[in-house]
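Content type CSV, C-alpha atoms and all ligand atoms, from the file protein34.csv:
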chain,number,residue,atom,x,y,z
A,1,MET,CA,-10.8,-11.5,-16.1
A,2,MET,CA,-11.0,-12.2,-12.4
A,3,VAL,CA,-10.6,-15.8,-11.3
A,4,ALA,CA,-13.4,-16.4,-8.8
A,5,ASN,CA,-12.2,-19.2,-6.6
A,6,GLY,CA,-12.4,-17.5,-3.1
A,7,ARG,CA,-15.8,-19.0,-2.1
A,8,GLY,CA,-15.5,-20.5,1.4
A,9,LEU,CA,-11.8,-19.8,1.8
A,10,ARG,CA,-10.8,-18.6,5.3
A,11,VAL,CA,-8.6,-15.6,4.8
A,12,LEU,CA,-6.7,-13.4,7.3
A,13,VAL,CA,-5.9,-9.9,6.3
A,14,ALA,CA,-3.4,-8.2,8.6
A,15,GLY,CA,-3.7,-4.4,8.2
A,16,GLY,CA,-7.2,-4.8,6.7
A,17,ALA,CA,-8.6,-1.6,8.3
A,18,GLY,CA,-6.1,0.5,6.2
A,19,PHE,CA,-6.4,2.0,2.8
A,20,ILE,CA,-5.4,-1.0,0.6
A,21,GLY,CA,-6.4,-3.6,3.1
A,22,SER,CA,-10.0,-2.4,3.3
A,23,HIS,CA,-10.4,-2.5,-0.5
A,24,LEU,CA,-8.8,-6.0,-0.5
A,25,ILE,CA,-11.4,-7.1,2.1
A,26,ASP,CA,-14.2,-5.7,-0.1
A,27,ALA,CA,-12.9,-7.8,-3.0
A,28,LEU,CA,-12.5,-11.0,-0.9
A,29,ILE,CA,-16.0,-10.7,0.7
A,30,GLY,CA,-17.4,-10.1,-2.8
A,31,ASP,CA,-15.7,-13.2,-3.9
A,32,GLY,CA,-17.3,-15.4,-1.2
A,33,ALA,CA,-14.4,-15.7,1.3
A,34,ARG,CA,-14.7,-15.6,5.1
A,35,VAL,CA,-12.4,-12.9,6.3
A,36,THR,CA,-10.7,-12.0,9.6
A,37,CYS,CA,-9.2,-8.6,9.7
A,38,ILE,CA,-6.5,-8.1,12.3
A,39,ASP,CA,-5.4,-4.5,12.8
A,40,SER,CA,-4.1,-2.2,15.6
A,41,LEU,CA,-5.8,0.8,14.1
A,42,LEU,CA,-2.5,2.6,14.1
A,43,THR,CA,-3.2,4.2,10.7
A,44,GLY,CA,-6.3,2.2,9.8
A,45,ARG,CA,-9.8,3.2,10.7
A,46,HIS,CA,-13.0,1.4,11.5
A,47,ALA,CA,-14.7,3.8,9.0
A,48,ASN,CA,-12.9,1.9,6.2
A,49,LEU,CA,-14.9,-1.2,7.0
A,50,ALA,CA,-18.1,0.5,8.4
A,51,HIS,CA,-20.1,-0.5,5.3
A,52,LEU,CA,-19.4,-4.2,6.2
A,53,ALA,CA,-20.5,-3.8,9.8
A,54,ASN,CA,-23.4,-6.3,9.3
A,55,GLU,CA,-21.4,-8.7,7.1
A,56,PRO,CA,-21.4,-12.1,8.8
A,57,ARG,CA,-18.4,-13.3,6.8
A,58,LEU,CA,-16.1,-10.6,8.3
A,59,ASP,CA,-14.6,-10.6,11.8
A,60,PHE,CA,-12.5,-7.8,13.2
A,61,VAL,CA,-9.8,-8.4,15.8
A,62,GLU,CA,-8.0,-5.3,17.2
A,63,ALA,CA,-4.4,-6.4,17.9
A,64,ASP,CA,-0.8,-5.3,17.3
A,65,VAL,CA,1.1,-7.9,15.3
A,66,THR,CA,4.3,-7.0,17.2
A,67,GLU,CA,2.7,-8.5,20.3
A,68,PRO,CA,1.8,-12.3,20.7
A,69,LEU,CA,-1.2,-12.9,18.5
A,70,PRO,CA,-4.6,-13.6,20.2
A,71,PRO,CA,-6.2,-17.0,19.6
A,72,LEU,CA,-7.3,-17.1,15.9
A,73,PRO,CA,-9.0,-19.7,13.8
A,74,ARG,CA,-7.1,-21.7,11.1
A,75,PHE,CA,-6.8,-19.9,7.8
A,76,ASP,CA,-6.3,-21.0,4.2
A,77,ARG,CA,-4.7,-17.7,3.1
A,78,VAL,CA,-2.9,-14.9,5.0
A,79,PHE,CA,-2.3,-11.5,3.5
A,80,ASN,CA,0.2,-9.4,5.5
A,81,LEU,CA,-0.4,-5.7,4.8
A,82,ALA,CA,0.1,-4.5,8.4
A,83,CYS,CA,2.6,-1.6,8.4
A,84,ALA,CA,2.2,2.2,8.4
A,85,ALA,CA,3.0,3.1,4.8
A,86,SER,CA,3.4,6.9,4.5
A,87,PRO,CA,6.7,8.5,5.4
A,88,PRO,CA,5.4,10.8,8.2
A,89,HIS,CA,3.5,7.9,9.8
A,90,TYR,CA,6.2,5.2,9.5
A,91,GLN,CA,8.8,7.7,10.8
A,92,ALA,CA,6.7,8.8,13.8
A,93,ASP,CA,7.7,5.6,15.7
A,94,PRO,CA,10.5,4.1,13.6
A,95,VAL,CA,11.3,1.3,16.1
A,96,HIS,CA,7.7,0.1,16.0
A,97,THR,CA,7.7,0.3,12.2
A,98,MET,CA,10.8,-2.0,12.0
A,99,MET,CA,9.4,-4.4,14.6
A,100,THR,CA,6.1,-4.5,12.7
A,101,SER,CA,7.9,-5.7,9.6
A,102,VAL,CA,10.2,-8.1,11.4
A,103,LEU,CA,8.4,-9.4,14.6
A,104,GLY,CA,4.9,-9.0,13.1
A,105,THR,CA,5.8,-10.7,9.8
A,106,GLY,CA,7.6,-13.4,11.7
A,107,ARG,CA,4.5,-14.1,13.9
A,108,LEU,CA,2.2,-14.2,10.8
A,109,LEU,CA,4.5,-16.5,9.0
A,110,GLU,CA,4.5,-18.9,11.9
A,111,LEU,CA,0.7,-18.7,12.0
A,112,ALA,CA,0.6,-19.5,8.3
A,113,ARG,CA,3.1,-22.3,8.6
A,114,ASP,CA,1.2,-23.9,11.5
A,115,ALA,CA,-2.1,-23.8,9.5
A,116,GLY,CA,-0.5,-24.8,6.2
A,117,ALA,CA,-1.9,-21.5,4.8
A,118,ARG,CA,-0.6,-19.7,1.7
A,119,PHE,CA,1.1,-16.4,2.7
A,120,LEU,CA,1.3,-13.1,0.8
A,121,GLN,CA,3.7,-10.4,2.0
A,122,ALA,CA,2.9,-6.8,0.9
A,123,SER,CA,6.4,-5.5,0.2
A,124,THR,CA,7.2,-2.2,-1.5
A,125,SER,CA,9.1,-0.5,-4.2
A,126,GLU,CA,11.0,1.1,-1.3
A,127,VAL,CA,13.2,-2.1,-1.3
A,128,TYR,CA,14.8,-0.5,-4.4
A,129,GLY,CA,15.7,2.6,-2.4
A,130,ASP,CA,16.9,5.5,-4.6
A,131,PRO,CA,17.4,3.2,-7.6
A,132,GLU,CA,20.4,3.3,-9.9
A,133,ARG,CA,18.6,1.2,-12.4
A,134,HIS,CA,15.5,2.3,-14.3
A,135,PRO,CA,12.8,1.0,-14.6
A,136,GLN,CA,13.1,-1.3,-11.6
A,137,GLN,CA,13.1,-5.0,-12.3
A,138,GLU,CA,12.7,-7.6,-9.5
A,139,SER,CA,16.2,-8.8,-10.1
A,140,TYR,CA,17.6,-5.4,-9.0
A,141,TRP,CA,18.9,-5.5,-5.4
A,142,GLY,CA,18.4,-1.9,-4.6
A,143,ASN,CA,20.2,1.2,-3.3
A,144,VAL,CA,18.9,1.7,0.3
A,145,ASN,CA,20.5,3.8,3.0
A,146,PRO,CA,20.4,1.4,6.0
A,147,THR,CA,20.8,4.1,8.6
A,148,GLY,CA,18.7,7.0,7.3
A,149,PRO,CA,15.2,8.1,8.4
A,150,ARG,CA,13.5,5.9,5.8
A,151,ALA,CA,15.4,2.8,6.8
A,152,CYS,CA,12.9,1.7,9.4
A,153,TYR,CA,10.5,1.1,6.6
A,154,ASP,CA,12.8,0.1,3.7
A,155,GLU,CA,15.0,-2.2,5.7
A,156,GLY,CA,12.1,-3.5,7.7
A,157,LYS,CA,10.3,-4.5,4.4
A,158,ARG,CA,13.6,-6.0,3.1
A,159,SER,CA,13.9,-8.0,6.3
A,160,ALA,CA,10.3,-9.1,6.0
A,161,GLU,CA,11.0,-10.3,2.4
A,162,THR,CA,14.0,-12.3,3.8
A,163,LEU,CA,11.9,-13.9,6.5
A,164,THR,CA,9.2,-14.8,4.0
A,165,PHE,CA,11.7,-16.5,1.6
A,166,ASP,CA,13.4,-18.2,4.6
A,167,PHE,CA,10.1,-19.7,5.6
A,168,GLU,CA,9.7,-21.0,2.0
A,169,ARG,CA,13.2,-22.5,2.0
A,170,ARG,CA,13.1,-23.8,5.6
A,171,HIS,CA,9.5,-24.8,6.0
A,172,GLY,CA,8.2,-25.3,2.5
A,173,LEU,CA,5.7,-22.5,3.1
A,174,ASP,CA,3.7,-21.4,0.0
A,175,ILE,CA,4.6,-17.7,-0.2
A,176,ARG,CA,4.1,-14.8,-2.5
A,177,VAL,CA,5.8,-11.3,-2.3
A,178,ALA,CA,4.2,-8.3,-4.0
A,179,ARG,CA,6.5,-5.3,-4.4
A,180,ILE,CA,3.8,-2.6,-4.4
A,181,PHE,CA,4.5,0.8,-6.1
A,182,ASN,CA,2.8,4.1,-5.2
A,183,THR,CA,-0.9,3.4,-4.9
A,184,TYR,CA,-3.7,5.9,-4.5
A,185,GLY,CA,-7.5,6.1,-4.3
A,186,PRO,CA,-10.5,6.5,-1.9
A,187,ARG,CA,-9.8,5.8,1.8
A,188,MET,CA,-6.4,7.3,1.8
A,189,ARG,CA,-6.1,9.5,4.9
A,190,ALA,CA,-6.3,13.2,4.4
A,191,ASP,CA,-3.5,13.5,7.0
A,192,ASP,CA,-1.4,10.7,5.4
A,193,GLY,CA,1.3,13.0,4.1
A,194,ARG,CA,1.6,11.2,0.8
A,195,VAL,CA,1.7,13.3,-2.4
A,196,VAL,CA,-1.7,12.3,-3.9
A,197,SER,CA,-3.7,12.9,-0.7
A,198,ASN,CA,-1.8,16.0,0.2
A,199,VAL,CA,-2.2,17.7,-3.2
A,200,ILE,CA,-5.8,16.8,-3.6
A,201,CYS,CA,-6.8,18.0,-0.1
A,202,GLN,CA,-4.7,21.2,-0.5
A,203,ALA,CA,-6.3,21.8,-3.8
A,204,LEU,CA,-9.9,21.2,-2.6
A,205,ALA,CA,-9.3,23.4,0.5
A,206,GLY,CA,-7.7,26.2,-1.6
A,207,ASP,CA,-4.5,25.9,0.6
A,208,ASP,CA,-1.0,26.1,-0.7
A,209,ILE,CA,0.1,23.0,-2.6
A,210,THR,CA,3.4,21.7,-1.2
A,211,VAL,CA,6.0,20.5,-3.7
A,212,TYR,CA,9.1,19.0,-2.1
A,213,GLY,CA,12.3,19.8,-3.8
A,214,ASN,CA,12.1,21.0,-7.5
A,215,GLY,CA,9.2,18.6,-8.3
A,216,GLU,CA,11.4,16.9,-10.9
A,217,GLN,CA,11.5,13.6,-9.0
A,218,THR,CA,9.3,10.9,-10.6
A,219,ARG,CA,6.7,8.3,-9.3
A,220,SER,CA,4.3,6.0,-11.1
A,221,PHE,CA,0.8,5.9,-9.5
A,222,CYS,CA,-1.4,2.9,-9.5
A,223,TYR,CA,-5.2,3.1,-8.7
A,224,VAL,CA,-6.2,0.9,-5.8
A,225,SER,CA,-8.7,-1.3,-7.6
A,226,ASP,CA,-5.9,-2.3,-10.1
A,227,LEU,CA,-3.5,-3.0,-7.3
A,228,VAL,CA,-6.1,-5.2,-5.4
A,229,GLY,CA,-6.7,-7.1,-8.6
A,230,GLY,CA,-3.0,-7.8,-8.8
A,231,LEU,CA,-2.8,-8.9,-5.2
A,232,LEU,CA,-5.7,-11.4,-5.7
A,233,ARG,CA,-4.1,-12.8,-8.9
A,234,LEU,CA,-0.8,-13.2,-7.1
A,235,MET,CA,-2.4,-15.0,-4.2
A,236,ARG,CA,-4.4,-17.3,-6.6
A,237,ALA,CA,-1.6,-18.1,-9.0
A,238,GLU,CA,-0.7,-21.8,-9.2
A,239,THR,CA,2.3,-21.3,-11.5
A,240,PRO,CA,5.7,-21.3,-9.7
A,241,LEU,CA,6.6,-17.6,-9.1
A,242,ASP,CA,10.2,-18.0,-8.0
A,243,GLY,CA,10.7,-14.6,-6.4
A,244,PRO,CA,8.9,-11.3,-5.8
A,245,VAL,CA,6.5,-9.6,-8.3
A,246,ASN,CA,6.3,-5.9,-8.9
A,247,LEU,CA,2.7,-4.5,-8.9
A,248,GLY,CA,2.3,-0.9,-10.0
A,249,ASN,CA,1.4,1.3,-12.9
A,250,PRO,CA,4.3,1.9,-15.3
A,251,ARG,CA,3.1,5.4,-16.3
A,252,GLU,CA,5.8,7.6,-14.8
A,253,MET,CA,5.5,11.3,-14.2
A,254,THR,CA,7.2,14.0,-12.2
A,255,VAL,CA,5.6,15.3,-9.0
A,256,GLY,CA,5.3,18.7,-10.7
A,257,GLU,CA,3.2,17.1,-13.6
A,258,LEU,CA,1.0,15.3,-11.0
A,259,VAL,CA,0.4,18.7,-9.3
A,260,ASP,CA,-0.4,20.4,-12.6
A,261,LEU,CA,-3.0,17.7,-13.4
A,262,VAL,CA,-4.7,17.9,-10.0
A,263,VAL,CA,-4.7,21.7,-10.3
A,264,ARG,CA,-6.4,21.5,-13.7
A,265,MET,CA,-8.9,18.9,-12.6
A,266,THR,CA,-10.0,20.7,-9.4
A,267,GLU,CA,-9.8,24.2,-10.9
A,268,THR,CA,-8.3,25.3,-7.6
A,269,PRO,CA,-7.0,28.8,-7.0
A,270,SER,CA,-4.3,27.3,-4.7
A,271,ARG,CA,-0.7,28.5,-5.0
A,272,ILE,CA,2.2,26.1,-5.5
A,273,VAL,CA,4.9,26.4,-2.8
A,274,ARG,CA,8.3,24.7,-2.5
A,275,ARG,CA,9.4,22.8,0.5
A,276,PRO,CA,12.8,21.0,1.2
A,277,LEU,CA,13.2,17.6,-0.3
A,278,PRO,CA,13.0,15.0,2.5
A,279,VAL,CA,16.2,13.1,3.3
A,280,ASP,CA,16.8,10.0,1.0
A,281,ASP,CA,13.8,10.9,-1.2
A,282,PRO,CA,14.1,8.6,-4.3
A,283,GLN,CA,14.7,10.6,-7.5
A,284,ARG,CA,13.0,8.1,-9.9
A,285,ARG,CA,10.6,5.2,-9.7
A,286,ARG,CA,8.9,3.1,-12.3
A,287,PRO,CA,8.0,-0.5,-12.1
A,288,ASP,CA,9.0,-3.0,-14.8
A,289,ILE,CA,5.8,-5.2,-14.7
A,290,THR,CA,6.9,-7.8,-17.2
A,291,ARG,CA,6.7,-10.6,-14.5
A,292,ALA,CA,3.2,-9.6,-13.4
A,293,GLU,CA,2.1,-9.5,-17.1
A,294,THR,CA,3.7,-12.8,-17.9
A,295,LEU,CA,3.0,-14.8,-14.7
A,296,LEU,CA,-0.3,-13.3,-13.7
A,297,ASP,CA,-1.7,-11.9,-16.9
A,298,TRP,CA,-2.1,-8.7,-15.0
A,299,SER,CA,-1.6,-5.0,-15.9
A,300,PRO,CA,-3.3,-1.9,-14.6
A,301,LYS,CA,-6.4,-0.7,-16.4
A,302,VAL,CA,-7.5,2.5,-14.7
A,303,SER,CA,-6.0,5.7,-16.2
A,304,LEU,CA,-4.5,8.3,-13.9
A,305,GLU,CA,-7.2,10.8,-15.0
A,306,GLU,CA,-10.0,8.3,-14.1
A,307,GLY,CA,-8.4,7.3,-10.8
A,308,LEU,CA,-7.8,10.9,-9.8
A,309,GLU,CA,-11.4,11.8,-10.7
A,310,ALA,CA,-12.7,9.1,-8.3
A,311,THR,CA,-10.2,10.0,-5.6
A,312,ILE,CA,-11.0,13.8,-5.9
A,313,ALA,CA,-14.7,13.0,-5.6
A,314,TRP,CA,-14.1,10.9,-2.5
A,315,PHE,CA,-12.0,13.5,-0.8
A,316,SER,CA,-14.5,16.2,-1.7
A,317,ARG,CA,-17.0,14.3,0.4
A,318,GLU,CA,-14.5,13.4,3.1
A,319,ILE,CA,-13.3,16.9,3.8
A,320,ALA,CA,-16.6,18.6,2.7
A,321,PRO,CA,-16.8,21.0,5.7
A,322,ARG,CA,-13.5,22.5,4.9
A,323,ARG,CA,-14.4,23.4,1.3
A,324,PRO,CA,-15.0,27.0,0.5
A,325,LEU,CA,-18.7,27.5,-0.4
A,326,PRO,CA,-19.3,28.1,-4.1
A,327,SER,CA,-20.3,31.7,-4.9
A,328,ILE,CA,-23.8,32.1,-6.2
A,401,LIG,P1,-2.3,2.0,5.7
A,401,LIG,O1,-1.5,2.7,6.7
A,401,LIG,O2,-3.6,2.6,5.3
A,401,LIG,O3,-2.5,0.5,6.2
A,401,LIG,C1,-1.7,-0.2,7.0
A,401,LIG,C2,-2.6,-0.9,8.1
A,401,LIG,O4,-1.7,-1.7,9.0
A,401,LIG,C3,-3.3,0.1,8.9
A,401,LIG,O5,-4.7,-0.3,9.0
A,401,LIG,C4,-2.6,0.0,10.3
A,401,LIG,O6,-3.5,0.4,11.4
A,401,LIG,C5,-2.1,-1.4,10.3
A,401,LIG,N1,-1.0,-1.6,11.1
A,401,LIG,C6,0.2,-0.9,11.2
A,401,LIG,N2,1.0,-1.4,12.1
A,401,LIG,C7,0.4,-2.5,12.7
A,401,LIG,C8,0.7,-3.4,13.7
A,401,LIG,N3,1.9,-3.3,14.3
A,401,LIG,N4,-0.2,-4.3,14.0
A,401,LIG,C9,-1.4,-4.4,13.4
A,401,LIG,N5,-1.8,-3.5,12.5
A,401,LIG,C10,-0.9,-2.6,12.1
A,401,LIG,O7,-1.3,1.8,4.4
A,401,LIG,P2,-1.6,1.2,3.0
A,401,LIG,O8,-1.3,2.2,2.0
A,401,LIG,O9,-3.0,0.6,3.0
A,401,LIG,O10,-0.5,0.0,2.9
A,401,LIG,C11,-0.9,-1.3,3.1
A,401,LIG,C12,0.4,-2.2,2.9
A,401,LIG,O11,0.8,-2.0,1.6
A,401,LIG,C13,1.5,-1.8,3.8
A,401,LIG,O12,2.2,-2.9,4.2
A,401,LIG,C14,2.4,-1.0,2.9
A,401,LIG,O13,3.8,-1.1,3.3
A,401,LIG,C15,2.2,-1.6,1.6
A,401,LIG,N6,2.5,-0.6,0.5
A,401,LIG,C16,1.6,0.4,0.2
A,401,LIG,C17,1.9,1.3,-0.8
A,401,LIG,C18,1.0,2.5,-1.1
A,401,LIG,O14,1.3,3.2,-2.0
A,401,LIG,N7,-0.1,2.7,-0.5
A,401,LIG,C19,3.1,1.1,-1.5
A,401,LIG,C20,3.9,0.1,-1.2
A,401,LIG,C21,3.6,-0.8,-0.2
A,402,LIG,N1,5.8,15.0,-2.1
A,402,LIG,C1,5.6,16.4,-2.4
A,402,LIG,N2,4.6,17.0,-1.7
A,402,LIG,C2,3.9,16.5,-0.7
A,402,LIG,C3,4.1,15.1,-0.4
A,402,LIG,C4,5.1,14.4,-1.1
A,402,LIG,O1,6.2,16.9,-3.3
A,402,LIG,O2,3.0,17.2,-0.1
A,402,LIG,C5,6.8,14.3,-2.8
A,402,LIG,C6,7.8,13.4,-2.0
A,402,LIG,O3,8.9,14.2,-1.6
A,402,LIG,C7,8.1,12.3,-3.0
A,402,LIG,C8,6.9,12.2,-3.8
A,402,LIG,O4,6.1,13.3,-3.6
A,402,LIG,O5,9.2,12.8,-3.9
A,402,LIG,C9,6.0,11.0,-3.4
A,402,LIG,O6,5.9,11.0,-2.0
A,402,LIG,P1,5.0,10.0,-1.2
A,402,LIG,O7,5.2,10.3,0.3
A,402,LIG,O8,3.6,10.0,-1.7
A,402,LIG,O9,5.5,8.6,-1.6
A,402,LIG,P2,7.0,7.9,-1.5
A,402,LIG,O10,8.0,9.0,-1.3
A,402,LIG,O11,6.9,7.0,-0.4
A,402,LIG,O12,7.1,7.3,-2.9
What does the file become when written as structure tokens?
Amino acid sequence: MMVANGRGLRVLVAGGAGFIGSHLIDALIGDGARVTCIDSLLTGRHANLAHLANEPRLDFVEADVTEPLPPLPRFDRVFNLACAASPPHYQADPVHTMMTSVLGTGRLLELARDAGARFLQASTSEVYGDPERHPQQESYWGNVNPTGPRACYDEGKRSAETLTFDFERRHGLDIRVARIFNTYGPRMRADDGRVVSNVICQALAGDDITVYGNGEQTRSFCYVSDLVGGLLRLMRAETPLDGPVNLGNPREMTVGELVDLVVRMTETPSRIVRRPLPVDDPQRRRPDITRAETLLDWSPKVSLEEGLEATIAWFSREIAPRRPLPSI
């Protein structure tokens, strides 16, 4: 059940040209909102919003949130999704990644405070680091290496959460923090470096499929439409939330199991090859979504098989020229 109360709301989506942000904009536009997307196109793409090119209720502003923001209208709602999210991308310029979470989130919080807007911060399961507790509940403070190569993202997002809760305490801002777990679906970038996009693209191209480490590390994968539904419910909720909310799919599997499933679904002749496990790669990850279920009446509905089917179909079209021709 989707609560349709977005009609006429003025909504800012920072990072709206990215994978999750563009699906969120689709849902907001479908719900009747007027949307401004602000994005530097660092990892996002115009193509993700191309189908909305003639939509009068969508404006696009190209800007980097680490810089002073350009003049913007007043908003009722602000979603902050701006931040590179895949390890190769966020590690390419770690200082900029950290500044995006700290300076960028700070600027957007000020904008929301000045407008009296409700603010949602897209945080991450990475705030739990390599977790010592399993599954991860929001009350767990995490196990993050503050000086390693993932820290620009993990600690950046932790700082962004701190800033967000400080704006609530200090300025009475109406805030929400979503701790998003691994999400996948159409519009991921083929060169993203994340496991789902890598494995699907490698399988479709008949290339070697890269498994980092022994493949025994686990993740829990959420389809993007489920995740967007959770973000909307979190933003709309009127009940006191009193802290962050995990959003993700609790079905946990090893990377090896994911690879086997994609291999079966694509019937690829690809070989599986091992690569070194990246530094600080978390061993286990599964969300405890009790708070989302209780407070938002939300849980994911799309099975991994259904979600992978849609994602494989999308990547088949996206990378079509690279596919080997079927033999006749
Ligand atoms: P994405 O890279 O596709 O989207 C991020 C968007 O932010 C891109 O459009 C990028 O151009 C933009 N951006 C980055 N830095 C910016 C800056 N300084 N100024 C303006 N725009 C900037 O990634 P995504 O997977 O869609 O992730 C969206 C959000 O959700 C991110 O904040 C990410 O941390 C969070 N998240 C995603 C996942 C996931 O599995 N996809 C998991 C946890 C959290
Ligand atoms: N991974 C892998 N092969 C790849 C890409 C990633 O085995 O081609 C592994 C990676 O080491 C991690 C898991 O898959 O253990 C999920 O990686 P991803 O980058 O998708 O997400 P994150 O590590 O941020 O959860």
Once you count all atoms listed in the file, what closest atom pair and distance in Å to one decimal does each residue of chain A within 6 Å of ligand LIG 401 (chain A) have, with rows by chain and rising residue number, as a Markdown table?
| residue | atom | partner | partner_atom | distance |
| --- | --- | --- | --- | --- |
| A:Gly15 | CA | A:LIG401 | O4 | 3.5 |
| A:Gly16 | CA | A:LIG401 | O5 | 5.6 |
| A:Ala17 | CA | A:LIG401 | O5 | 4.2 |
| A:Gly18 | CA | A:LIG401 | O5 | 3.2 |
| A:Phe19 | CA | A:LIG401 | O9 | 3.7 |
| A:Ile20 | CA | A:LIG401 | O9 | 3.8 |
| A:Gly21 | CA | A:LIG401 | O9 | 5.4 |
| A:Asp39 | CA | A:LIG401 | N5 | 3.7 |
| A:Ser40 | CA | A:LIG401 | N5 | 4.1 |
| A:Leu41 | CA | A:LIG401 | O6 | 3.6 |
| A:Leu42 | CA | A:LIG401 | O6 | 3.6 |
| A:Thr43 | CA | A:LIG401 | O6 | 3.9 |
| A:Gly44 | CA | A:LIG401 | O5 | 3.1 |
| A:Ala63 | CA | A:LIG401 | C9 | 5.8 |
| A:Asp64 | CA | A:LIG401 | N4 | 3.5 |
| A:Val65 | CA | A:LIG401 | N4 | 4.0 |
| A:Thr66 | CA | A:LIG401 | N3 | 5.3 |
| A:Leu81 | CA | A:LIG401 | O12 | 3.9 |
| A:Ala82 | CA | A:LIG401 | O4 | 3.4 |
| A:Cys83 | CA | A:LIG401 | C6 | 3.8 |
| A:Ala84 | CA | A:LIG401 | O1 | 4.1 |
| A:Ala85 | CA | A:LIG401 | O7 | 4.5 |
| A:Thr100 | CA | A:LIG401 | N3 | 4.7 |
| A:Ala122 | CA | A:LIG401 | O12 | 5.2 |
| A:Ser123 | CA | A:LIG401 | C21 | 5.5 |
| A:Thr124 | CA | A:LIG401 | C20 | 4.0 |
| A:Ile180 | CA | A:LIG401 | C20 | 4.2 |
| A:Phe181 | CA | A:LIG401 | C19 | 4.8 |
| A:Asn182 | CA | A:LIG401 | O14 | 3.6 |
| A:Thr183 | CA | A:LIG401 | O14 | 3.6 |
Separation of CA of Leu24 in chain A from CA of Val224 in chain A in Å: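 CA of Leu24 in chain A lies at a distance of 9.1 Å from CA of Val224 in chain A.
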Report as a Markdown table the residues of chain A within 8 Å of ligand LIG 402 (chain A), each with its shortest atom pair and distance in Å (one decimal), using all atoms listed in the file, ordered by chain and increasing residue number.
| residue | atom | partner | partner_atom | distance |
| --- | --- | --- | --- | --- |
| A:Ala85 | CA | A:LIG402 | O11 | 7.6 |
| A:Ser86 | CA | A:LIG402 | O7 | 5.7 |
| A:Pro87 | CA | A:LIG402 | O7 | 5.6 |
| A:Pro88 | CA | A:LIG402 | O7 | 7.9 |
| A:Glu126 | CA | A:LIG402 | O11 | 7.2 |
| A:Phe181 | CA | A:LIG402 | O12 | 7.7 |
| A:Asn182 | CA | A:LIG402 | O12 | 5.8 |
| A:Gly193 | CA | A:LIG402 | C3 | 5.7 |
| A:Arg194 | CA | A:LIG402 | O8 | 3.4 |
| A:Val195 | CA | A:LIG402 | C3 | 3.6 |
| A:Val196 | CA | A:LIG402 | O8 | 6.2 |
| A:Ser197 | CA | A:LIG402 | O8 | 7.9 |
| A:Asn198 | CA | A:LIG402 | O2 | 5.0 |
| A:Val199 | CA | A:LIG402 | O2 | 6.1 |
| A:Ile209 | CA | A:LIG402 | O2 | 6.9 |
| A:Thr210 | CA | A:LIG402 | O2 | 4.6 |
| A:Val211 | CA | A:LIG402 | O1 | 3.6 |
| A:Tyr212 | CA | A:LIG402 | O1 | 3.8 |
| A:Gly213 | CA | A:LIG402 | O1 | 6.8 |
| A:Gly215 | CA | A:LIG402 | O1 | 6.1 |
| A:Gln217 | CA | A:LIG402 | O5 | 5.7 |
| A:Thr218 | CA | A:LIG402 | O5 | 7.0 |
| A:Arg219 | CA | A:LIG402 | O12 | 6.5 |
| A:Val255 | CA | A:LIG402 | O4 | 5.8 |
| A:Gly256 | CA | A:LIG402 | O1 | 7.7 |
| A:Arg275 | CA | A:LIG402 | O1 | 7.7 |
| A:Leu277 | CA | A:LIG402 | O3 | 5.6 |
| A:Pro278 | CA | A:LIG402 | O3 | 5.9 |
| A:Asp281 | CA | A:LIG402 | O5 | 5.7 |
| A:Pro282 | CA | A:LIG402 | O5 | 6.5 |
| A:Gln283 | CA | A:LIG402 | O5 | 6.9 |
| A:Arg285 | CA | A:LIG402 | O12 | 7.9 |
May I ask which of the residues A:Val228, A:Val262, A:Leu241, A:Cys222 is the closest one to Arg286 in chain A, counting only C-alpha atoms? A:Cys222
Just the residues within 10 Å of Arg7 in chain A, please, counting all atoms listed in the file, with nothing from its chain fewer than 6 positions along; format it as a VMD selection string. chain A and resid 28 to 34
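For the atom pair formed by CA of Leu304 in chain A and CA of Arg179 in chain A, the distance is 19.9 Å, given to one decimal.
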CA of Glu305 in chain A to CA of Glu318 in chain A measures 19.7 Å
Nearest residue to Gln202 in chain A out of A:Leu173, A:Met253, A:Val273, A:Leu234, using all atoms listed in the file?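 Checking each candidate against Gln202 in chain A, we get A:Val273 as the closest.
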Which of these, A:Asp280, A:Asp174, A:Asp93, A:Asp130, has the shortest distance to Arg150 in chain A once you count only C-alpha atoms?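 Among the listed residues, the smallest separation from Arg150 in chain A belongs to A:Asp280.
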Residue nearest Val13 in chain A - candidates A:Ala50, A:Leu120, A:Pro94, A:Ser139, atoms counted: only C-alpha atoms: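 Looking at the shortest contact to Val13 in chain A, the residue is A:Leu120.
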Pick from A:Glu257, A:Glu155, A:Asp226, A:Asp76 nearest to Trp298 in chain A, counting only C-alpha atoms: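 Closest residue, counting only C-alpha atoms: A:Asp226.
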Using only C-alpha atoms: which of A:His134, A:Arg187, A:Arg176, A:Arg118 has the shortest distance to Ala47 in chain A: A:Arg187
Could you pull the residues within 6 Å of range 140-149 of chain A, counting all atoms listed in the file, minus those fewer than 5 positions along the same chain, as number ranges by chain? A: 128-131
Output C-alpha atoms for every residue in that selection, as a compact mmCIF listing (two decimals), in the coordinates of the input.
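This went into part_18.txt:
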# COMPACT_ATOMS: atom_id res chain seq x y z
CA TYR A 128 14.80 -0.50 -4.40
CA GLY A 129 15.70 2.60 -2.40
CA ASP A 130 16.90 5.50 -4.60
CA PRO A 131 17.40 3.20 -7.60
